[in-house]
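A.B. asks: What follows is the file work21.csv, containing CSV, C-alpha atoms:
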chain,number,residue,atom,x,y,z
A,15,MET,CA,15.9,-10.9,14.8
A,16,ILE,CA,16.7,-10.8,11.1
A,17,ILE,CA,15.5,-8.1,8.7
A,18,ARG,CA,15.6,-8.7,5.0
A,19,SER,CA,14.9,-6.2,2.2
A,20,ARG,CA,15.1,-6.0,-1.5
A,21,ALA,CA,14.8,-3.1,-4.0
A,22,PRO,CA,14.4,-3.5,-7.7
A,23,LEU,CA,16.8,-2.4,-10.4
A,24,ARG,CA,15.5,-0.5,-13.4
A,25,ILE,CA,15.5,0.1,-17.1
A,26,GLY,CA,15.4,3.8,-17.9
A,27,PHE,CA,13.6,4.2,-21.2
A,28,PHE,CA,13.3,7.9,-22.0
A,29,GLY,CA,14.7,11.2,-20.6
A,30,GLY,CA,17.9,9.8,-19.1
A,31,GLY,CA,20.4,12.6,-18.7
A,32,THR,CA,17.8,15.3,-18.0
A,33,ASP,CA,17.6,14.1,-14.4
A,34,ILE,CA,21.3,15.1,-13.9
A,35,PRO,CA,22.2,18.6,-12.6
A,36,PRO,CA,22.8,21.3,-13.6
A,37,TYR,CA,20.2,20.7,-16.3
A,38,SER,CA,17.6,19.3,-14.0
A,39,TYR,CA,18.1,22.3,-11.6
A,40,GLU,CA,17.9,24.9,-14.4
A,41,HIS,CA,15.2,23.4,-16.7
A,42,GLY,CA,13.6,20.6,-14.8
A,43,GLY,CA,14.1,16.9,-15.6
A,44,LYS,CA,11.7,14.2,-16.7
A,45,VAL,CA,12.2,10.4,-17.2
A,46,LEU,CA,10.2,7.4,-18.1
A,47,THR,CA,11.5,4.4,-16.2
A,48,ALA,CA,10.4,0.9,-15.0
A,49,ALA,CA,11.5,-1.4,-12.2
A,50,ILE,CA,12.5,-4.9,-13.2
A,51,ASN,CA,12.7,-8.3,-11.5
A,52,LYS,CA,16.4,-7.9,-10.7
A,53,TYR,CA,17.1,-6.8,-7.2
A,54,ALA,CA,19.6,-5.5,-4.6
A,55,TYR,CA,19.2,-7.3,-1.2
A,56,THR,CA,20.1,-6.5,2.4
A,57,THR,CA,20.1,-8.8,5.4
A,58,TRP,CA,20.5,-7.3,8.8
A,59,GLN,CA,21.0,-9.8,11.7
A,60,ILE,CA,20.5,-7.6,14.6
A,61,SER,CA,22.6,-8.2,17.7
A,62,ASP,CA,22.4,-7.1,21.3
A,63,ASN,CA,25.7,-5.2,21.2
A,64,LYS,CA,26.6,-2.2,18.9
A,65,ASP,CA,29.3,-3.9,16.9
A,66,LEU,CA,28.8,-3.7,13.2
A,67,THR,CA,30.1,-6.0,10.5
A,68,VAL,CA,29.4,-5.9,6.8
A,69,HIS,CA,29.8,-8.5,4.1
A,70,SER,CA,29.3,-8.0,0.4
A,71,HIS,CA,30.8,-10.4,-2.2
A,72,ASP,CA,29.8,-8.0,-4.9
A,73,LEU,CA,31.9,-5.2,-3.4
A,74,ASN,CA,34.6,-7.5,-2.0
A,75,ILE,CA,33.9,-6.4,1.6
A,76,ASN,CA,34.0,-8.6,4.7
A,77,THR,CA,34.9,-6.3,7.6
A,78,LYS,CA,34.1,-4.9,11.0
A,79,VAL,CA,33.0,-1.3,10.8
A,80,GLU,CA,35.5,0.6,13.1
A,81,ASP,CA,34.4,4.1,12.2
A,82,LEU,CA,32.3,6.1,9.8
A,83,VAL,CA,35.1,8.1,8.2
A,84,TYR,CA,34.8,8.3,4.4
A,85,ASP,CA,38.0,6.9,2.9
A,86,GLY,CA,36.9,5.4,-0.4
A,87,LYS,CA,36.1,2.1,1.2
A,88,TYR,CA,32.4,1.2,1.2
A,89,ASP,CA,31.6,4.9,1.8
A,90,LEU,CA,28.0,4.5,0.7
A,91,ILE,CA,27.3,2.0,3.5
A,92,LYS,CA,29.1,4.1,6.1
A,93,ALA,CA,27.2,7.2,5.0
A,94,THR,CA,23.9,5.4,5.3
A,95,PHE,CA,24.8,4.2,8.9
A,96,LYS,CA,25.8,7.8,9.7
A,97,TYR,CA,22.9,9.6,8.1
A,98,LEU,CA,20.3,7.4,9.7
A,99,ASN,CA,22.1,7.6,13.1
A,100,LEU,CA,22.2,3.8,13.4
A,101,ASN,CA,22.3,2.9,17.1
A,102,LYS,CA,22.0,-0.9,16.9
A,103,GLY,CA,24.6,-3.4,16.0
A,104,GLY,CA,24.6,-6.6,14.0
A,105,HIS,CA,25.8,-8.2,10.8
A,106,PHE,CA,24.8,-6.8,7.4
A,107,VAL,CA,25.0,-8.9,4.2
A,108,LEU,CA,24.4,-7.1,0.8
A,109,HIS,CA,24.3,-8.5,-2.7
A,110,SER,CA,22.6,-7.8,-6.0
A,111,ASP,CA,21.5,-9.5,-9.1
A,112,ALA,CA,23.7,-7.2,-11.3
A,113,PRO,CA,27.0,-5.6,-10.4
A,114,VAL,CA,27.7,-2.0,-9.9
A,115,GLY,CA,28.4,-0.5,-13.3
A,116,SER,CA,25.6,-2.5,-14.9
A,117,GLY,CA,23.7,0.6,-16.0
A,118,LEU,CA,20.6,-0.7,-14.2
A,119,GLY,CA,20.8,1.6,-11.1
A,120,THR,CA,22.4,-1.0,-8.9
A,121,SER,CA,24.2,1.3,-6.5
A,122,SER,CA,21.0,3.3,-5.7
A,123,ALA,CA,19.0,0.1,-5.4
A,124,VAL,CA,21.6,-1.2,-2.9
A,125,ASN,CA,21.3,2.0,-0.9
A,126,VAL,CA,17.4,2.0,-0.9
A,127,SER,CA,17.5,-1.7,0.2
A,128,LEU,CA,19.9,-0.8,3.0
A,129,VAL,CA,17.8,2.2,4.1
A,130,GLY,CA,14.7,0.0,4.1
A,131,ALA,CA,16.2,-2.6,6.3
A,132,ILE,CA,17.5,0.0,8.8
A,133,TRP,CA,14.2,1.8,8.6
A,134,ASP,CA,12.3,-1.4,9.7
A,135,GLY,CA,14.9,-2.6,12.2
A,136,SER,CA,15.1,0.8,13.9
A,137,GLY,CA,11.3,0.8,14.5
A,138,LYS,CA,10.5,3.6,12.0
A,139,ALA,CA,8.1,1.4,10.1
A,140,ALA,CA,5.7,1.3,13.0
A,141,GLU,CA,5.1,5.0,12.6
A,142,LYS,CA,5.7,5.3,8.9
A,143,PRO,CA,4.8,1.9,7.3
A,144,PHE,CA,6.1,1.0,3.9
A,145,GLY,CA,2.7,0.9,2.3
A,146,MET,CA,2.3,4.6,2.6
A,147,VAL,CA,3.3,6.6,-0.5
A,148,LYS,CA,4.9,9.3,1.6
A,149,THR,CA,7.1,6.7,3.4
A,150,ARG,CA,8.4,5.5,0.1
A,151,LYS,CA,9.0,9.0,-1.0
A,152,GLU,CA,10.9,9.8,2.3
A,153,ILE,CA,13.1,6.7,1.8
A,154,ALA,CA,13.9,7.6,-1.7
A,155,ASP,CA,14.6,11.2,-0.6
A,156,THR,CA,16.9,9.9,2.1
A,157,ALA,CA,18.8,7.6,-0.3
A,158,PHE,CA,19.1,10.5,-2.8
A,159,LYS,CA,20.5,12.8,-0.2
A,160,ILE,CA,23.0,10.2,1.1
A,161,GLU,CA,24.4,9.6,-2.4
A,162,ARG,CA,24.2,13.0,-4.0
A,163,GLU,CA,24.6,15.4,-1.1
A,164,GLU,CA,26.3,13.6,1.7
A,165,LEU,CA,28.8,11.8,-0.6
A,166,GLY,CA,28.7,14.0,-3.6
A,167,ILE,CA,28.4,11.1,-6.0
A,168,ALA,CA,27.5,12.4,-9.5
A,169,GLY,CA,24.3,11.2,-10.9
A,170,GLY,CA,20.6,11.8,-11.4
A,171,TYR,CA,17.5,11.2,-9.2
A,172,GLN,CA,15.5,8.5,-11.0
A,173,ASP,CA,17.3,5.5,-9.6
A,174,GLN,CA,16.4,6.0,-5.9
A,175,TYR,CA,12.8,6.7,-6.6
A,176,VAL,CA,12.1,3.8,-9.0
A,177,ALA,CA,13.8,1.4,-6.5
A,178,ALA,CA,11.5,2.7,-3.7
A,179,PHE,CA,8.3,2.8,-5.7
A,180,GLY,CA,8.6,0.0,-8.3
A,181,GLY,CA,6.4,-0.1,-11.4
A,182,PHE,CA,6.3,2.2,-14.4
A,183,ASN,CA,6.7,5.9,-13.6
A,184,ILE,CA,7.2,9.3,-15.0
A,185,ILE,CA,9.6,10.9,-12.5
A,186,GLU,CA,10.0,14.7,-12.7
A,187,MET,CA,12.2,17.2,-10.9
A,188,ASP,CA,11.2,20.9,-11.0
A,189,LYS,CA,13.6,23.9,-10.8
A,190,ASN,CA,13.1,24.0,-7.0
A,191,LYS,CA,14.5,20.5,-6.8
A,192,ASN,CA,11.2,18.9,-5.9
A,193,VAL,CA,10.8,15.4,-7.1
A,194,TYR,CA,7.4,14.0,-8.3
A,195,VAL,CA,6.7,10.3,-9.0
A,196,ILE,CA,3.8,9.8,-11.3
A,197,PRO,CA,2.8,6.1,-11.6
A,198,LEU,CA,1.7,4.8,-15.0
A,199,LYS,CA,-1.1,2.3,-15.0
A,200,VAL,CA,0.1,0.1,-17.8
A,201,PRO,CA,-2.4,-2.8,-18.5
A,202,ARG,CA,-1.1,-6.2,-17.9
A,203,ASP,CA,-1.4,-7.3,-21.5
A,204,ILE,CA,0.8,-4.4,-22.6
A,205,GLN,CA,3.3,-5.1,-19.9
A,206,SER,CA,3.5,-8.8,-21.0
A,207,GLU,CA,4.0,-7.8,-24.6
A,208,LEU,CA,6.7,-5.3,-23.8
A,209,GLN,CA,8.6,-7.7,-21.5
A,210,TYR,CA,8.4,-10.5,-24.1
A,211,SER,CA,9.8,-8.0,-26.7
A,212,ILE,CA,12.7,-6.9,-24.5
A,213,LEU,CA,16.1,-8.5,-25.0
A,214,LEU,CA,18.4,-7.4,-22.2
A,215,CYS,CA,22.0,-7.9,-23.1
A,216,ASP,CA,24.9,-7.7,-20.7
A,217,ILE,CA,27.8,-6.7,-23.0
A,218,LYS,CA,30.4,-7.4,-20.2
A,219,MET,CA,31.7,-3.8,-20.2
A,220,PRO,CA,31.2,-2.4,-16.7
A,221,ARG,CA,31.6,1.4,-16.7
A,222,MET,CA,32.1,4.1,-14.2
A,223,SER,CA,29.0,6.3,-14.6
A,224,GLY,CA,30.6,9.1,-12.6
A,225,ASN,CA,33.2,9.6,-15.2
A,226,LEU,CA,30.7,9.7,-18.0
A,227,ILE,CA,28.4,12.0,-16.1
A,228,ALA,CA,31.4,14.3,-15.4
A,229,GLY,CA,32.0,14.5,-19.1
A,230,GLN,CA,28.3,15.2,-19.8
A,231,LYS,CA,28.2,18.0,-17.2
A,232,LYS,CA,31.4,19.5,-18.7
A,233,GLU,CA,29.8,19.5,-22.2
A,234,TYR,CA,26.7,21.1,-20.7
A,235,SER,CA,28.7,23.8,-18.9
A,236,GLU,CA,30.3,24.7,-22.2
A,237,GLY,CA,26.9,25.2,-23.7
A,238,LYS,CA,27.3,22.3,-26.1
A,239,ASN,CA,24.3,20.0,-25.4
A,240,LEU,CA,21.4,22.1,-24.1
A,241,GLU,CA,19.2,21.3,-27.1
A,242,ILE,CA,20.1,17.6,-26.8
A,243,HIS,CA,18.8,17.6,-23.3
A,244,HIS,CA,15.6,19.3,-24.4
A,245,LYS,CA,15.1,16.7,-27.2
A,246,LEU,CA,15.6,13.8,-24.8
A,247,LYS,CA,13.0,15.3,-22.4
A,248,GLU,CA,10.6,15.9,-25.3
A,249,LEU,CA,10.6,12.2,-26.2
A,250,VAL,CA,9.2,11.2,-22.8
A,251,LYS,CA,5.6,12.1,-23.7
A,252,PRO,CA,5.4,10.3,-27.0
A,253,GLY,CA,7.2,7.3,-25.4
A,254,MET,CA,4.6,7.3,-22.6
A,255,ASN,CA,1.7,7.5,-25.1
A,256,ALA,CA,3.1,4.6,-27.2
A,257,LEU,CA,3.5,2.6,-24.0
A,258,LEU,CA,-0.1,3.2,-22.8
A,259,ASN,CA,-1.5,2.6,-26.2
A,260,GLY,CA,0.3,-0.8,-26.4
A,261,ASP,CA,2.2,0.2,-29.6
A,262,VAL,CA,5.4,-1.7,-28.7
A,263,LYS,CA,6.9,-1.3,-32.2
A,264,TYR,CA,6.6,2.5,-32.1
A,265,PHE,CA,7.8,2.5,-28.5
A,266,GLY,CA,11.0,0.8,-29.8
A,267,GLU,CA,11.3,3.1,-32.7
A,268,LEU,CA,11.2,6.1,-30.4
A,269,LEU,CA,13.8,4.4,-28.2
A,270,HIS,CA,16.0,4.2,-31.2
A,271,GLU,CA,15.5,7.9,-31.9
A,272,SER,CA,16.3,8.7,-28.3
A,273,TRP,CA,19.5,6.6,-28.4
A,274,LEU,CA,20.8,8.5,-31.5
A,275,VAL,CA,20.2,11.7,-29.6
A,276,LYS,CA,21.7,10.4,-26.4
A,277,LYS,CA,24.9,9.5,-28.2
A,278,GLU,CA,25.6,13.1,-28.9
A,279,ILE,CA,25.4,14.2,-25.2
A,280,ALA,CA,29.0,13.4,-24.3
A,281,LYS,CA,32.1,11.5,-25.5
A,282,GLY,CA,32.1,7.9,-24.1
A,283,THR,CA,28.3,7.4,-24.2
A,284,SER,CA,28.9,4.9,-27.0
A,285,ASN,CA,32.0,3.4,-28.6
A,286,ASP,CA,33.0,1.3,-31.6
A,287,TYR,CA,32.1,-1.9,-29.9
A,288,ILE,CA,28.7,-0.7,-28.6
A,289,ASP,CA,27.8,0.7,-32.0
A,290,ALA,CA,28.9,-2.5,-33.8
A,291,ILE,CA,26.8,-4.7,-31.5
A,292,TYR,CA,23.8,-2.4,-31.8
A,293,ASN,CA,24.0,-2.1,-35.6
A,294,ALA,CA,24.4,-5.9,-36.0
A,295,ALA,CA,21.2,-6.3,-34.0
A,296,ARG,CA,19.4,-3.7,-36.1
A,297,GLU,CA,20.6,-5.2,-39.3
A,298,THR,CA,18.5,-8.3,-38.6
A,299,GLY,CA,15.4,-6.3,-39.2
A,300,ALA,CA,14.0,-7.7,-36.0
A,301,VAL,CA,14.9,-4.9,-33.7
A,302,TYR,CA,12.7,-1.8,-33.4
A,303,GLY,CA,15.1,0.1,-31.3
A,304,GLY,CA,17.2,0.1,-28.2
A,305,LYS,CA,19.8,1.8,-26.1
A,306,ILE,CA,22.6,1.4,-23.5
A,307,SER,CA,21.1,1.6,-20.1
A,308,GLY,CA,22.2,4.3,-17.7
A,309,ALA,CA,24.9,6.8,-18.5
A,310,GLY,CA,26.2,4.7,-21.4
A,311,GLY,CA,29.7,3.4,-22.1
A,312,GLY,CA,29.0,-0.2,-21.2
A,313,GLY,CA,26.8,-2.2,-18.9
A,314,HIS,CA,23.5,-3.5,-20.4
A,315,MET,CA,21.9,-2.9,-23.7
A,316,THR,CA,18.1,-2.9,-23.9
A,317,LEU,CA,16.7,-3.9,-27.2
A,318,ILE,CA,13.0,-3.9,-28.2
A,319,CYS,CA,12.5,-6.7,-30.7
A,320,ASP,CA,10.0,-8.8,-32.7
A,321,PRO,CA,9.7,-11.4,-29.9
A,322,THR,CA,9.4,-14.3,-32.4
A,323,ARG,CA,12.9,-13.4,-33.7
A,324,LYS,CA,14.9,-12.9,-30.6
A,325,VAL,CA,17.1,-15.9,-31.3
A,326,GLU,CA,18.1,-14.4,-34.7
A,327,VAL,CA,19.1,-11.2,-32.9
A,328,GLN,CA,21.1,-13.1,-30.3
A,329,LYS,CA,23.0,-14.9,-33.0
A,330,ALA,CA,23.9,-11.7,-34.8
A,331,ILE,CA,25.1,-10.1,-31.5
A,332,ILE,CA,27.2,-13.2,-30.7
A,333,LYS,CA,28.7,-13.2,-34.2
A,334,LYS,CA,29.7,-9.5,-33.9
A,335,ALA,CA,31.1,-9.9,-30.4
A,336,LEU,CA,33.3,-12.8,-31.5
A,337,GLU,CA,34.5,-10.8,-34.5
A,338,PHE,CA,35.7,-8.1,-32.1
A,339,SER,CA,37.5,-10.7,-29.9
A,340,ALA,CA,39.0,-12.3,-33.1
A,341,GLY,CA,37.3,-15.5,-31.9
A,342,THR,CA,39.7,-15.9,-29.0
A,343,GLU,CA,37.2,-15.4,-26.2
A,344,ASN,CA,34.6,-17.8,-24.8
A,345,VAL,CA,31.3,-16.2,-25.9
A,346,ASN,CA,30.0,-16.5,-22.4
A,347,ASN,CA,32.7,-14.0,-21.4
A,348,LEU,CA,31.6,-11.5,-24.0
A,349,VAL,CA,27.8,-11.3,-23.8
A,350,ASP,CA,25.0,-12.6,-21.6
A,351,PHE,CA,21.3,-12.4,-22.5
A,352,LYS,CA,18.6,-12.0,-19.8
A,353,THR,CA,14.9,-12.1,-19.8
A,354,VAL,CA,13.1,-9.6,-17.6
A,355,SER,CA,9.7,-9.0,-16.1
A,356,PHE,CA,8.5,-5.9,-14.4
A,357,ASP,CA,8.3,-5.3,-10.6
A,358,ASP,CA,5.3,-3.4,-9.2
A,359,LYS,CA,6.2,-3.7,-5.5
A,360,GLY,CA,9.3,-1.6,-5.3
A,361,LEU,CA,11.1,-1.7,-1.9
A,362,TYR,CA,10.0,-4.8,0.0
A,363,VAL,CA,11.0,-5.6,3.6
A,364,TRP,CA,10.3,-8.7,5.7
A,365,ARG,CA,11.3,-10.3,8.9
A,366,VAL,CA,12.7,-13.7,9.7
Please go through the file and, once you have read it, give me the structure as structure tokens.
C.D. replies:
Amino acid sequence: MIIRSRAPLRIGFFGGGTDIPPYSYEHGGKVLTAAINKYAYTTWQISDNKDLTVHSHDLNINTKVEDLVYDGKYDLIKATFKYLNLNKGGHFVLHSDAPVGSGLGTSSAVNVSLVGAIWDGSGKAAEKPFGMVKTRKEIADTAFKIEREELGIAGGYQDQYVAAFGGFNIIEMDKNKNVYVIPLKVPRDIQSELQYSILLCDIKMPRMSGNLIAGQKKEYSEGKNLEIHHKLKELVKPGMNALLNGDVKYFGELLHESWLVKKEIAKGTSNDYIDAIYNAARETGAVYGGKISGAGGGGHMTLICDPTRKVEVQKAIIKKALEFSAGTENVNNLVDFKTVSFDDKGLYVWRV
């Protein structure tokens, strides 16, 4: 039997950074995020013996799993096997539409996808089917605990939950560490206008979010960015209202305001290249606002544009990227533009 699963990546619009402890534990965090049609996939070909093999081109893994000792080599996969007490063998293949370091929540989507495949292949879906909200919540909780508690990987809580639930959500964590997923019913016309207005730009700068988050937490521990966190959280509500009212232009303008605030949260969130690319896009007059996805420092830039002028924005970004490379690089190695649509299914598992 073959089990396949997929979990969506995400664009975090507002509140990013407030979902990271210790701020989220002390003051409660809140984010507005949306799942997109880029995915992390798992295939599990179940065998009659208990031998386990794992292949992932993205992670440069093709190996037999000899033990579940954490040694820095595919620890997230081993931790998932261990945490779920996997007692069946087989061959696992994992891949995703965007690499780790993309800023789109790839690592957590990989984990949610893996948990979903094991959940189904181990028979848990019979008792707790995926269509139940509490099942998706339990899967997200499981993925969160594996990453943040079992392995101690620095990060927030939004990625696992949007990967499990899909759609547009306000995701909150209270001071007691309870996570709440509040779905937003965004009309189809508004979704269509927003996705037509989004220009997702891979600036070909993968980054290690853990290093950036460590810097953010250090700044916070020194009392330097508490008010910045508060401001980021305050922008969630007007961002949500602009979205539900279909005011995409104002939504983008709020995103610009949020990005200016987010850049103050820690060193490395932005850099000269990111600022130059973003400013070049804004100078066209066609960009309402934008941000670097995830913790910052690289990955993907999300821009909200006049959709009829996207080509103009792309040309401005390409020109600036070539200036930084002194024209010596192939532009395809510098920047890649992607169109997106929104995913409303979340984790999806099927059998072959």
A.B. asks: If I take CA of Glu337 in chain A and CA of Ile306 in chain A, how far is one from the other in Å, to one decimal?
C.D. replies: 20.3 Å
A.B. asks: Compare A:Ile16, A:Ile331, A:Ile196, A:Ala256 by their minimum atom-to-atom distance to Tyr175 in chain A, counting only C-alpha atoms, and give me the closest one.
C.D. replies: A:Ile196
A.B. asks: Please indicate the distance in Å from CA of Tyr210 in chain A to CA of Ser307 in chain A, rounded to one decimal place.
C.D. replies: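 CA of Tyr210 in chain A sits 18.0 Å away from CA of Ser307 in chain A.
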A.B. asks: Identify the residues within 10 Å of coordinate (9.6, 1.3, 5.9) (same frame as the file), considering all atoms listed in the file, and give the answer as a PyMOL selection string.
C.D. replies: chain A and resi 19+129-146+149-150+152-153+178+361-363
A.B. asks: Just how far from CA of Lys324 in chain A is CA of Ile212 in chain A, in Å to one decimal?
C.D. replies: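 A separation of 8.8 Å between them.
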A.B. asks: From the list A:Tyr97, A:Gly360, A:Gly299, A:Pro113, which residue is nearest Ala157 in chain A when using all atoms listed in the file?
C.D. replies: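 Among A:Tyr97, A:Gly360, A:Gly299, A:Pro113, it is A:Tyr97 that comes nearest to Ala157 in chain A.
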A.B. asks: Can you take the partial range 47-58 of chain A, add N, CA, C and O atoms, and return it as a PDB file, keeping the file's coordinate frame?
C.D. replies:
ATOM      1  N   THR A  47      10.651   5.467 -16.667  1.00  0.00           N
ATOM      2  CA  THR A  47      11.500   4.400 -16.200  1.00  0.00           C
ATOM      3  C   THR A  47      10.610   3.245 -15.649  1.00  0.00           C
ATOM      4  O   THR A  47       9.441   3.470 -15.300  1.00  0.00           O
ATOM      5  N   ALA A  48      11.159   2.052 -15.548  1.00  0.00           N
ATOM      6  CA  ALA A  48      10.400   0.900 -15.000  1.00  0.00           C
ATOM      7  C   ALA A  48      11.293   0.027 -14.179  1.00  0.00           C
ATOM      8  O   ALA A  48      12.458  -0.216 -14.518  1.00  0.00           O
ATOM      9  N   ALA A  49      10.744  -0.449 -13.076  1.00  0.00           N
ATOM     10  CA  ALA A  49      11.500  -1.400 -12.200  1.00  0.00           C
ATOM     11  C   ALA A  49      11.350  -2.792 -12.789  1.00  0.00           C
ATOM     12  O   ALA A  49      10.315  -3.174 -13.351  1.00  0.00           O
ATOM     13  N   ILE A  50      12.428  -3.554 -12.662  1.00  0.00           N
ATOM     14  CA  ILE A  50      12.500  -4.900 -13.200  1.00  0.00           C
ATOM     15  C   ILE A  50      12.740  -5.939 -12.100  1.00  0.00           C
ATOM     16  O   ILE A  50      13.101  -5.570 -10.980  1.00  0.00           O
ATOM     17  N   ASN A  51      12.602  -7.196 -12.458  1.00  0.00           N
ATOM     18  CA  ASN A  51      12.700  -8.300 -11.500  1.00  0.00           C
ATOM     19  C   ASN A  51      14.183  -8.690 -11.239  1.00  0.00           C
ATOM     20  O   ASN A  51      14.496  -9.876 -11.125  1.00  0.00           O
ATOM     21  N   LYS A  52      15.058  -7.726 -11.158  1.00  0.00           N
ATOM     22  CA  LYS A  52      16.400  -7.900 -10.700  1.00  0.00           C
ATOM     23  C   LYS A  52      16.588  -7.014  -9.487  1.00  0.00           C
ATOM     24  O   LYS A  52      16.119  -5.867  -9.513  1.00  0.00           O
ATOM     25  N   TYR A  53      17.244  -7.524  -8.439  1.00  0.00           N
ATOM     26  CA  TYR A  53      17.100  -6.800  -7.200  1.00  0.00           C
ATOM     27  C   TYR A  53      18.496  -6.660  -6.468  1.00  0.00           C
ATOM     28  O   TYR A  53      19.453  -7.390  -6.718  1.00  0.00           O
ATOM     29  N   ALA A  54      18.506  -5.668  -5.567  1.00  0.00           N
ATOM     30  CA  ALA A  54      19.600  -5.500  -4.600  1.00  0.00           C
ATOM     31  C   ALA A  54      18.979  -5.921  -3.235  1.00  0.00           C
ATOM     32  O   ALA A  54      17.873  -5.491  -2.886  1.00  0.00           O
ATOM     33  N   TYR A  55      19.708  -6.760  -2.486  1.00  0.00           N
ATOM     34  CA  TYR A  55      19.200  -7.300  -1.200  1.00  0.00           C
ATOM     35  C   TYR A  55      20.052  -6.888  -0.042  1.00  0.00           C
ATOM     36  O   TYR A  55      21.272  -6.725  -0.155  1.00  0.00           O
ATOM     37  N   THR A  56      19.387  -6.736   1.084  1.00  0.00           N
ATOM     38  CA  THR A  56      20.100  -6.500   2.400  1.00  0.00           C
ATOM     39  C   THR A  56      19.526  -7.476   3.388  1.00  0.00           C
ATOM     40  O   THR A  56      18.313  -7.682   3.482  1.00  0.00           O
ATOM     41  N   THR A  57      20.421  -8.072   4.162  1.00  0.00           N
ATOM     42  CA  THR A  57      20.100  -8.800   5.400  1.00  0.00           C
ATOM     43  C   THR A  57      20.734  -8.189   6.548  1.00  0.00           C
ATOM     44  O   THR A  57      21.943  -7.924   6.511  1.00  0.00           O
ATOM     45  N   TRP A  58      19.951  -7.915   7.583  1.00  0.00           N
ATOM     46  CA  TRP A  58      20.500  -7.300   8.800  1.00  0.00           C
ATOM     47  C   TRP A  58      20.147  -8.281   9.970  1.00  0.00           C
ATOM     48  O   TRP A  58      18.998  -8.394  10.350  1.00  0.00           O
TER      49      TRP A  58
END
